[in-house]
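One structure is given here, and the rest of the page talks about it.
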Amino acid sequence: MVKLTLIARVTDGLPLAEGLDDGREQKDLEAYKKQAKELFKKMSQGPPPASRMSYETGAYVFHYIIEGGVCYLTLCDRSYPKKLAYQYLEELQKEFEKVNRSQIETVARPYAFIKFDTFIQKTRKLYLDTRTQRNLAKLNDDLYEVQQIMTKNIQDVLGVGEKLDHATRLSHNLKAETQQYKMKAKDLSRQALIRKWAPIGIVLVVVLLLLLIRRMFSSG
């Protein structure tokens with residue numbers, strides 16, 4: 001299933017349009033939106049990126065195409081057919097260029113073409129169900145092959161940031177585990193003291209009770 005769609009200018013990473021979701025999965029997708037924006041930033045700073053690429057990330061895969069200085073990117077389930085993902089992106093690219101070509105290089109504010117979301121949503125719905133006759137025909141189309149498009153891990157391009165995030169998570173986990181270890185150590189120490197002194201305490205209580213009983217009988 002197509003989960004997320006973003007369009008950005010390659011020269012500076014400026015987001016131009018986005019496929020708005022219905023809110024139910026918005027929270028879950030925030031981390032992936034952040035990754036997508038980091039990917040756009042890397043494209044604008046580094047050498048010219050490949051025109052077609054797929055990046056695995058968690059349970060999903062980013063697919064993108066670059067045409068006319070614009071990157072069209074979508075996030076799909078790993079099980080979603082690669083061929084359909086790229087045909088979906090090419091449909092978006094053709095319509096976006098047809099409608100907005102003259103303004104792509106001049107816009108300065110993010111999401112200047114947010115109205116394009118209407119077309120994104122309409123096209124996305126056509127690609128949601130891979131079993132429709134339309135999509136089965138596209139999957140069987142021998143004229144459209146995507147096997148040569150490389151698939152990498154998102155860490156290959158976002159390596160430094162991802163490693164820093166990973167190190168931060170490890171640090172937080174280690175801190176939490178240290179706190180748990182200290183608490184367990186205190187509990188074990190307390191239990192050891194109880195085991196050590198409990199028998200002596202019981203004996204003392206018994207002796208005191210016996211002495212008290214004896215005294216009571218003696219005074220009677």
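Chain identifiers are assigned as A, B, and so on, following the order in which chains appear in the structure tokens; residues are numbered from 1 within each chain, and ligands are numbered from 1 in order of appearance.
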### Query
How would you write, as number ranges by chain, the set of residues in region 86-218 of chain A that DSSP gives as helix (DSSP H, G or I)?
A: 86-103, 114-128, 133-139, 155-218
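In terms of minimum interatomic distance to Phe113 (chain A), A:Glu97 ranks closest within A:Glu97, A:Glu91, A:Leu128, A:Gly58, counting only C-alpha atoms.
Here CA of Asn153 (chain A) stands at a distance of 14.6 Å from CA of Ala50 (chain A).
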### Message
as a VMD selection string, please: every residue in chain A that a backbone DSSP assignment puts in strand (DSSP E).
### Response
chain A and resid 2 to 9 15 to 18 52 to 57 60 to 67 70 to 77 151 to 153
Could you list, as a CSV table (one decimal) with all heavy atoms, in the first residue's frame, every residue within 8 Å of Lys138 (chain A), counting only C-alpha atoms and ignoring same-chain residues fewer than 4 positions away?
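Everything below was put into out-v1.csv:
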chain,number,residue,atom,x,y,z
A,83,LYS,N,7.1,-2.3,-9.3
A,83,LYS,CA,6.6,-1.9,-10.6
A,83,LYS,C,5.5,-0.9,-10.5
A,83,LYS,O,5.5,0.2,-11.1
A,83,LYS,CB,6.2,-3.0,-11.5
A,83,LYS,CG,5.8,-2.6,-12.9
A,83,LYS,CD,5.4,-3.8,-13.8
A,83,LYS,CE,6.6,-4.6,-14.2
A,83,LYS,NZ,6.2,-5.7,-15.2
A,84,LEU,N,4.5,-1.2,-9.6
A,84,LEU,CA,3.4,-0.3,-9.4
A,84,LEU,C,3.8,1.0,-8.8
A,84,LEU,O,3.3,2.1,-9.1
A,84,LEU,CB,2.3,-1.0,-8.6
A,84,LEU,CG,1.4,-2.0,-9.3
A,84,LEU,CD1,0.3,-2.5,-8.3
A,84,LEU,CD2,0.8,-1.5,-10.6
A,134,ARG,N,-7.0,-3.2,-13.6
A,134,ARG,CA,-6.1,-2.1,-14.1
A,134,ARG,C,-4.6,-2.4,-13.6
A,134,ARG,O,-3.7,-2.3,-14.4
A,134,ARG,CB,-6.6,-0.8,-13.6
A,134,ARG,CG,-5.7,0.4,-13.8
A,134,ARG,CD,-6.2,1.7,-13.1
A,134,ARG,NE,-5.4,2.8,-13.4
A,134,ARG,CZ,-4.3,3.1,-12.8
A,134,ARG,NH1,-3.8,2.3,-11.8
A,134,ARG,NH2,-3.6,4.2,-13.1
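Shell of Glu56 (chain A) at 9 Å, with only C-alpha atoms counted and residues fewer than 2 places along the chain excluded, is A:Ser54, A:Gly58, A:Ala59, A:Tyr60, A:Val61, A:Phe62, A:His63, A:Arg78, A:Thr151, A:Lys152, A:Asn153, A:Ile154, A:Gln155.
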### Task
Quick one: everything within 7 Å of region 4-8 of chain A, counting only C-alpha atoms, minus sequence neighbours fewer than 2 positions away in the same chain. Send it as number ranges by chain.
A: 2, 10, 13-19, 70-75
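Counting from CA of Glu105 (chain A), the distance to CA of Gln87 (chain A) is 24.6 Å.
Distance annotation: of A:Lys82, A:Lys122, A:Lys33, A:Arg9, the residue with the minimal separation from Ile66 (chain A) is A:Arg9; atom set is only C-alpha atoms.
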